[in-house]
file query_21.cif (mmCIF, C-alpha atoms)
data_entry
#
loop_
_atom_site.label_atom_id
_atom_site.label_comp_id
_atom_site.auth_asym_id
_atom_site.auth_seq_id
_atom_site.Cartn_x
_atom_site.Cartn_y
_atom_site.Cartn_z
CA MET A 79 -3.06 27.21 -4.35
CA SER A 80 -4.03 24.74 -7.05
CA ASP A 81 -2.24 23.97 -10.29
CA THR A 82 -2.60 21.57 -13.13
CA VAL A 83 0.02 19.64 -15.09
CA THR A 84 -1.34 18.49 -18.44
CA ALA A 85 0.24 15.76 -20.51
CA PRO A 86 0.15 16.72 -24.22
CA GLN A 87 -2.20 14.46 -26.15
CA ALA A 88 -3.46 14.44 -29.69
CA ALA A 89 -6.94 13.38 -28.73
CA SER A 90 -9.42 15.76 -27.18
CA GLU A 91 -9.54 13.56 -24.11
CA MET A 92 -6.86 14.78 -21.71
CA GLU A 93 -5.54 13.24 -18.56
CA GLU A 94 -4.70 15.78 -15.92
CA LEU A 95 -2.78 15.58 -12.70
CA VAL A 96 -4.34 18.19 -10.49
CA PHE A 97 -2.29 19.09 -7.47
CA ASP A 98 -2.31 21.48 -4.54
CA THR A 99 0.73 23.11 -3.02
CA ASP A 100 1.00 24.24 0.56
CA GLY A 101 4.36 25.51 1.75
CA ARG A 102 6.81 22.67 1.27
CA ARG A 103 4.09 20.21 0.31
CA VAL A 104 2.45 19.20 -2.92
CA ALA A 105 -0.56 16.89 -2.85
CA PHE A 106 -2.70 15.13 -5.42
CA THR A 107 -5.31 12.39 -5.38
CA LEU A 108 -5.13 9.28 -7.56
CA ASP A 109 -7.87 6.87 -8.59
CA GLU A 110 -6.96 3.23 -8.02
CA GLU A 111 -9.05 2.22 -11.02
CA LEU A 112 -6.57 4.08 -13.21
CA PHE A 113 -3.43 3.60 -11.14
CA PRO A 114 -3.21 0.24 -9.32
CA ARG A 115 -2.15 0.42 -5.69
CA ASP A 116 1.07 -1.52 -6.39
CA ALA A 117 2.01 1.02 -9.06
CA ILE A 118 1.40 3.90 -6.65
CA LEU A 119 3.52 2.16 -4.01
CA GLY A 120 6.23 1.47 -6.59
CA ALA A 121 6.42 5.14 -7.55
CA ALA A 122 6.33 6.23 -3.89
CA TYR A 123 9.24 3.89 -3.13
CA LEU A 124 11.35 5.61 -5.80
CA PHE A 125 10.77 8.99 -4.15
CA LEU A 126 11.51 8.03 -0.54
CA ASP A 127 15.14 9.15 -0.78
CA ARG A 128 14.26 12.47 -2.44
CA CYS A 129 11.34 13.72 -0.39
CA PHE A 130 8.94 12.84 2.40
CA VAL A 131 6.05 10.77 1.05
CA PHE A 132 2.77 10.31 2.85
CA LEU A 133 -0.17 8.34 1.48
CA GLU A 134 -3.74 8.75 2.64
CA ARG A 135 -7.05 7.20 1.66
CA PRO A 136 -9.59 10.01 1.49
CA ALA A 137 -12.22 7.71 -0.05
CA ASP A 138 -12.66 4.20 -1.33
CA GLN A 139 -10.45 3.53 -4.39
CA LYS A 140 -8.71 6.89 -3.89
CA VAL A 141 -5.15 7.47 -2.68
CA GLN A 142 -3.90 10.91 -1.81
CA VAL A 143 -0.16 11.38 -2.31
CA ARG A 144 1.59 14.13 -0.34
CA LEU A 145 5.18 14.98 -1.16
CA LYS A 146 7.24 17.28 1.03
CA THR A 147 10.72 18.52 0.20
CA LYS A 148 13.56 17.40 2.45
CA ASP A 149 15.78 20.41 1.87
CA GLY A 150 13.23 22.93 3.12
CA SER A 151 12.55 24.31 -0.34
CA ALA A 152 9.10 25.84 -0.81
CA ASP A 153 9.67 26.99 -4.37
CA PRO A 154 6.44 26.42 -6.37
CA ASP A 155 8.42 25.44 -9.47
CA THR A 156 10.32 22.79 -7.50
CA LEU A 157 7.06 21.40 -6.10
CA GLU A 158 5.45 21.40 -9.54
CA ALA A 159 8.46 19.57 -10.98
CA LEU A 160 8.30 17.06 -8.13
CA ALA A 161 4.63 16.36 -8.82
CA GLY A 162 5.33 16.00 -12.53
CA GLU A 163 8.23 13.61 -11.94
CA PHE A 164 6.07 11.55 -9.62
CA GLY A 165 3.43 11.40 -12.36
CA ASN A 166 6.01 10.14 -14.85
CA ALA A 167 7.32 7.54 -12.41
CA LEU A 168 3.75 6.48 -11.75
CA LEU A 169 3.05 5.94 -15.46
CA ASP A 170 6.28 3.93 -15.72
CA GLN A 171 5.16 1.75 -12.82
CA VAL A 172 1.70 1.29 -14.33
CA VAL A 173 3.24 0.07 -17.59
CA ARG A 174 5.52 -2.32 -15.69
CA PHE A 175 2.54 -3.55 -13.69
CA ARG A 176 0.41 -4.15 -16.80
CA VAL A 177 3.28 -5.90 -18.66
CA ALA A 178 3.98 -8.10 -15.63
CA GLU A 179 0.29 -8.98 -15.47
CA SER A 180 -0.06 -9.75 -19.17
CA THR A 181 3.15 -11.78 -19.45
CA GLY A 182 2.92 -13.55 -16.10
CA GLN A 183 1.66 -16.84 -17.55
CA LEU A 184 4.29 -16.79 -20.28
CA ARG A 185 7.09 -16.25 -17.72
CA GLU A 186 5.77 -19.07 -15.55
CA TYR A 187 5.70 -21.35 -18.60
CA ALA A 188 9.28 -20.42 -19.56
CA PHE A 189 10.55 -21.02 -16.02
CA ALA A 190 8.70 -24.32 -15.75
CA ARG A 191 10.16 -25.44 -19.06
CA ALA A 192 13.68 -24.41 -18.04
CA PHE A 193 13.58 -26.11 -14.65
CA PHE A 194 11.35 -29.12 -15.06
CA THR A 195 11.99 -30.54 -18.53
CA THR A 196 14.81 -32.88 -19.70
CA PRO A 197 17.50 -32.80 -17.05
CA ALA A 198 21.06 -31.89 -18.08
CA GLN A 199 22.40 -35.24 -16.83
CA SER A 200 20.81 -37.14 -19.68
CA SER A 201 22.62 -35.07 -22.30
CA ILE A 202 25.93 -35.78 -20.53
CA ASP A 203 25.11 -39.50 -20.52
CA GLN A 204 24.28 -39.25 -24.20
CA LEU A 205 27.68 -37.68 -24.95
CA LEU A 206 29.53 -40.37 -22.97
CA ALA A 207 27.65 -43.08 -24.84
CA GLU A 208 28.61 -41.48 -28.14
CA LEU A 209 32.27 -41.47 -27.07
CA ASP A 210 32.05 -45.15 -26.09
CA ASP A 211 30.55 -45.98 -29.47
CA GLU A 212 33.34 -44.16 -31.25
CA GLU A 213 35.97 -46.04 -29.25
CA LEU A 214 34.39 -49.38 -30.18
CA GLU A 215 34.38 -48.58 -33.86
CA GLU A 216 37.03 -50.29 -35.94
CA ASP A 217 40.17 -48.34 -36.62
CA ASP A 218 40.90 -49.22 -40.24
CA LEU A 219 43.87 -46.91 -40.49
CA GLU A 220 45.19 -48.05 -37.09
CA VAL A 221 45.57 -44.49 -36.03
CA ALA A 222 44.92 -45.45 -32.44
CA VAL A 223 47.76 -48.06 -32.37
CA PRO A 224 50.83 -46.78 -30.49
CA TRP A 225 53.91 -46.19 -32.60
CA GLU A 226 56.02 -48.74 -30.67
CA GLN A 227 53.48 -51.54 -31.24
CA ASP A 228 53.17 -50.62 -34.87
CA GLY A 229 56.75 -51.83 -35.46
CA GLY A 230 57.71 -48.42 -36.49
CA ALA A 231 61.08 -48.51 -34.76
CA ALA A 232 63.57 -47.57 -37.38
CA MET B 90 1.41 15.52 16.43
CA THR B 91 -0.88 12.75 15.23
CA LEU B 92 -0.25 10.53 12.22
CA HIS B 93 -3.01 8.40 10.67
CA PHE B 94 -1.77 5.43 8.67
CA SER B 95 -4.46 3.76 6.58
CA ARG B 96 -4.22 0.00 7.02
CA SER B 97 -5.16 -0.52 3.37
CA ILE B 98 -1.88 1.18 2.43
CA TYR B 99 0.44 0.78 5.42
CA ASP B 100 1.38 -2.40 7.25
CA ALA B 101 0.52 -2.30 10.96
CA ASP B 102 3.64 -4.31 11.84
CA ALA B 103 5.75 -1.78 9.93
CA VAL B 104 4.37 0.97 12.18
CA GLN B 105 5.24 -1.04 15.28
CA GLN B 106 8.75 -1.75 14.00
CA THR B 107 9.29 1.93 13.24
CA VAL B 108 8.07 2.93 16.70
CA ALA B 109 10.65 0.54 18.15
CA ALA B 110 13.38 1.99 15.94
CA TYR B 111 12.47 5.61 16.77
CA ALA B 112 11.76 5.06 20.47
CA ALA B 113 14.80 7.05 21.56
CA LEU B 114 13.74 10.09 19.55
CA GLY B 115 10.38 10.80 21.13
CA THR B 116 7.34 9.37 22.85
CA PHE B 117 5.11 7.34 20.55
CA THR B 118 1.63 6.12 21.44
CA VAL B 119 0.03 3.68 19.03
CA ASN B 120 -3.67 2.90 18.64
CA VAL B 121 -4.86 0.39 16.09
CA ASP B 122 -8.43 0.19 14.82
CA ASP B 123 -10.06 -1.58 11.87
CA HIS B 124 -9.10 1.02 9.31
CA SER B 125 -6.02 2.82 10.55
CA VAL B 126 -3.05 2.88 12.85
CA VAL B 127 -2.92 6.16 14.77
CA VAL B 128 0.43 7.28 16.14
CA GLU B 129 0.65 10.13 18.61
CA LEU B 130 4.10 11.69 18.72
CA SER B 131 5.08 13.79 21.70
CA ASN B 132 8.37 15.13 23.06
CA PRO B 133 10.12 14.89 19.69
CA SER B 134 13.88 15.22 19.74
CA PRO B 135 14.81 18.84 18.94
CA ASP B 136 17.92 17.57 17.15
CA ILE B 137 15.92 16.08 14.31
CA PRO B 138 13.73 18.42 12.32
CA ASP B 139 10.81 16.80 10.45
CA LEU B 140 10.91 13.80 12.77
CA ALA B 141 7.28 12.88 12.00
CA ASP B 142 8.03 12.96 8.26
CA HIS B 143 11.10 10.76 8.71
CA PHE B 144 8.95 8.42 10.77
CA ALA B 145 6.26 8.25 8.06
CA ASN B 146 8.87 7.62 5.35
CA HIS B 147 10.33 4.77 7.39
CA VAL B 148 6.89 3.21 7.86
CA LEU B 149 6.17 3.46 4.12
CA HIS B 150 9.56 1.93 3.25
CA LEU B 151 8.97 -1.01 5.59
CA SER B 152 5.39 -1.46 4.38
CA ILE B 153 6.46 -1.63 0.72
CA THR B 154 9.41 -3.97 1.33
CA THR B 155 7.24 -6.24 3.48
CA ALA B 156 4.56 -6.38 0.78
CA ARG B 157 7.15 -7.15 -1.90
CA ARG B 158 8.69 -9.95 0.18
CA ALA B 159 5.23 -11.42 0.69
CA ILE B 160 4.57 -11.38 -3.07
CA GLU B 161 7.99 -12.93 -3.84
CA GLY B 162 7.40 -15.59 -1.19
CA ALA B 163 4.04 -16.47 -2.67
CA GLN B 164 5.50 -16.99 -6.15
#
call {"tool": "encode", "arguments": {"input": "query_21.cif", "output": "structure tokens"}}
result
Amino acid sequence: MSDTVTAPQAASEMEELVFDTDGRRVAFTLDEELFPRDAILGAAYLFLDRCFVFLERPADQKVQVRLKTKDGSADPDTLEALAGEFGNALLDQVVRFRVAESTGQLREYAFARAFFTTPAQSSIDQLLAELDDEELEEDDLEVAVPWEQDGGAA
Amino acid sequence: MTLHFSRSIYDADAVQQTVAAYAALGTFTVNVDDHSVVVELSNPSPDIPDLADHFANHVLHLSITTARRAIEGAQ
């Protein structure tokens, strides 16, 4: 049995996830040029607690994903939904992968700036120096003179 | 039952670790070649249905976590 889940698109070009069902299993083949291996593994990881996942390499740059229900269900609708959810998770992982790739340099720069620029100690030293300067300044109003020394005893 | 784990997807050490973890549940024979790790499962425990599937899930889990640790270590 073979079915197709089609993502709605405005353009005439349509991406399709073609899958086969066999008893408790649903299987589909992914192209690594479209879906990086790390994205496929990321999506597979998310499904390990829900179903049995097996990955095969039928050809170079191809990964076959086989999902098998854990509860013994062989309902075609359940299998179709499982395949569709995997497809969604896969797209999510691809986006994460691409964002991580495109912002990698920026993140490295931000981390480097946070960890390896002006150390915090110098700003503390600067504050202490400012306090020392303030203490050395003249106290025209003699606010800092204790009351007893100021002859204020009535 | 025979399981073929592609070495471009699965980690060979993860297969070995899983064999060690599942040793009490059946007899596992492992053969490693350039492209795959082949595991022959015999005498599976009757108490655990889908033992081979559980085994494969465990191998995949270990393979992914190992790969992620390697990436994190390299950064």
call {"tool": "interface_residues", "arguments": {"input": "query_21.cif", "of": "chain A", "to": "chain B", "cutoff": "8 Å", "atoms": "all atoms listed in the file", "output": "list in words"}}
result
Leu119, Gly120, Tyr123, Leu126, Phe130, Val131, Phe132, Leu133, Glu134 and Arg135 of chain A
call {"tool": "axis_aligned_box", "arguments": {"input": "query_21.cif", "around": "stretch 134-141 of chain B", "padding_each_side": "5 Å", "output": "AutoDock Vina command-line options"}}
result
--center_x 12.6 --center_y 15.9 --center_z 15.1 --size_x 20.6 --size_y 16.0 --size_z 19.3
call {"tool": "atom_distance", "arguments": {"input": "query_21.cif", "atom1": "atom CA of A:Arg103", "atom2": "atom CA of A:Leu157"}}
result
7.2 Å
call {"tool": "atom_distance", "arguments": {"input": "query_21.cif", "atom1": "atom CA of A:Thr99", "atom2": "atom CA of A:Pro154"}}
result
7.4 Å
call {"tool": "atom_distance", "arguments": {"input": "query_21.cif", "atom1": "atom CA of B:Ala159", "atom2": "atom CA of B:Asp100"}}
result
11.8 Å
call {"tool": "resolve_selection", "arguments": {"input": "query_21.cif", "expression": "the PyMOL selection byres ((chain A and resi 100) around 12)", "output": "MDAnalysis selection string"}}
result
chainID A and resid 79:81 97:99 101:106 144:147 151:154 157:158
call {"tool": "resolve_selection", "arguments": {"input": "query_21.cif", "expression": "the PyMOL selection byres ((chain A and resi 168) around 9)", "output": "NGL selection string"}}
result
:A and (113 or 117-122 or 163-167 or 169-173)
call {"tool": "closest_residue", "arguments": {"input": "query_21.cif", "among": "B:Gly162, B:Ser131, B:Thr118, B:Val126", "to": "B:Val104", "atoms": "all atoms listed in the file"}}
result
B:Val126
call {"tool": "closest_residue", "arguments": {"input": "query_21.cif", "among": "B:Leu130, B:Glu161, B:Thr91, B:Val121", "to": "B:Gln105", "atoms": "all atoms listed in the file"}}
result
B:Val121
call {"tool": "closest_residue", "arguments": {"input": "query_21.cif", "among": "B:Val119, B:Ala103, B:Tyr111, B:Ile160", "to": "B:Ser134", "atoms": "only C-alpha atoms"}}
result
B:Tyr111
call {"tool": "resolve_selection", "arguments": {"input": "query_21.cif", "expression": "the PyMOL selection byres ((chain B and resi 116) around 8)", "output": "NGL selection string"}}
result
:B and (112-115 or 117-118 or 129-133)
call {"tool": "decode", "arguments": {"input": "query_21.cif", "residues": "stretch 93-152 of chain B", "atoms": "C-alpha atoms", "output": "short mmCIF file (atom, residue, chain, number, x, y, z; two decimals), in the first residue's frame"}}
result
data_model
loop_
_atom_site.label_atom_id
_atom_site.label_comp_id
_atom_site.auth_asym_id
_atom_site.auth_seq_id
_atom_site.Cartn_x
_atom_site.Cartn_y
_atom_site.Cartn_z
CA HIS B 93 21.72 -4.31 9.46
CA PHE B 94 22.92 -1.03 10.91
CA SER B 95 24.49 1.30 8.35
CA ARG B 96 27.72 2.70 9.77
CA SER B 97 27.04 6.04 8.07
CA ILE B 98 24.01 6.42 10.36
CA TYR B 99 24.67 4.24 13.40
CA ASP B 100 27.70 4.24 15.67
CA ALA B 101 29.43 0.84 15.84
CA ASP B 102 30.29 1.36 19.53
CA ALA B 103 26.61 2.07 20.23
CA VAL B 104 25.75 -1.34 18.77
CA GLN B 105 28.34 -3.02 20.98
CA GLN B 106 27.10 -1.18 24.07
CA THR B 107 23.52 -2.18 23.31
CA VAL B 108 24.53 -5.82 22.83
CA ALA B 109 26.14 -5.69 26.27
CA ALA B 110 23.01 -4.13 27.78
CA TYR B 111 20.66 -6.66 26.13
CA ALA B 112 22.88 -9.72 26.62
CA ALA B 113 20.51 -11.29 29.14
CA LEU B 114 17.56 -11.07 26.75
CA GLY B 115 18.87 -13.15 23.88
CA THR B 116 21.90 -14.31 21.95
CA PHE B 117 23.51 -11.59 19.87
CA THR B 118 26.19 -12.17 17.26
CA VAL B 119 27.86 -9.09 15.84
CA ASN B 120 29.75 -8.78 12.56
CA VAL B 121 31.28 -5.49 11.49
CA ASP B 122 32.28 -4.67 7.93
CA ASP B 123 33.19 -1.43 6.15
CA HIS B 124 29.62 -0.31 5.60
CA SER B 125 27.46 -1.91 8.25
CA VAL B 126 27.21 -3.63 11.58
CA VAL B 127 25.20 -6.84 11.28
CA VAL B 128 23.55 -8.20 14.41
CA GLU B 129 22.08 -11.68 14.45
CA LEU B 130 19.52 -12.14 17.21
CA SER B 131 18.60 -15.63 18.30
CA ASN B 132 16.78 -17.09 21.31
CA PRO B 133 14.97 -13.84 22.08
CA SER B 134 13.30 -13.63 25.46
CA PRO B 135 9.60 -14.53 25.07
CA ASP B 136 8.77 -12.03 27.82
CA ILE B 137 9.63 -9.06 25.64
CA PRO B 138 7.70 -8.65 22.42
CA ASP B 139 9.41 -6.57 19.70
CA LEU B 140 12.81 -7.18 21.27
CA ALA B 141 14.63 -6.46 18.00
CA ASP B 142 12.78 -3.15 17.66
CA HIS B 143 13.64 -2.17 21.23
CA PHE B 144 17.24 -3.12 20.48
CA ALA B 145 17.30 -0.95 17.33
CA ASN B 146 15.75 2.00 19.18
CA HIS B 147 18.41 1.72 21.89
CA VAL B 148 21.19 1.66 19.29
CA LEU B 149 19.75 4.74 17.56
CA HIS B 150 19.41 6.59 20.88
CA LEU B 151 23.02 5.86 21.81
CA SER B 152 24.26 6.75 18.32
#
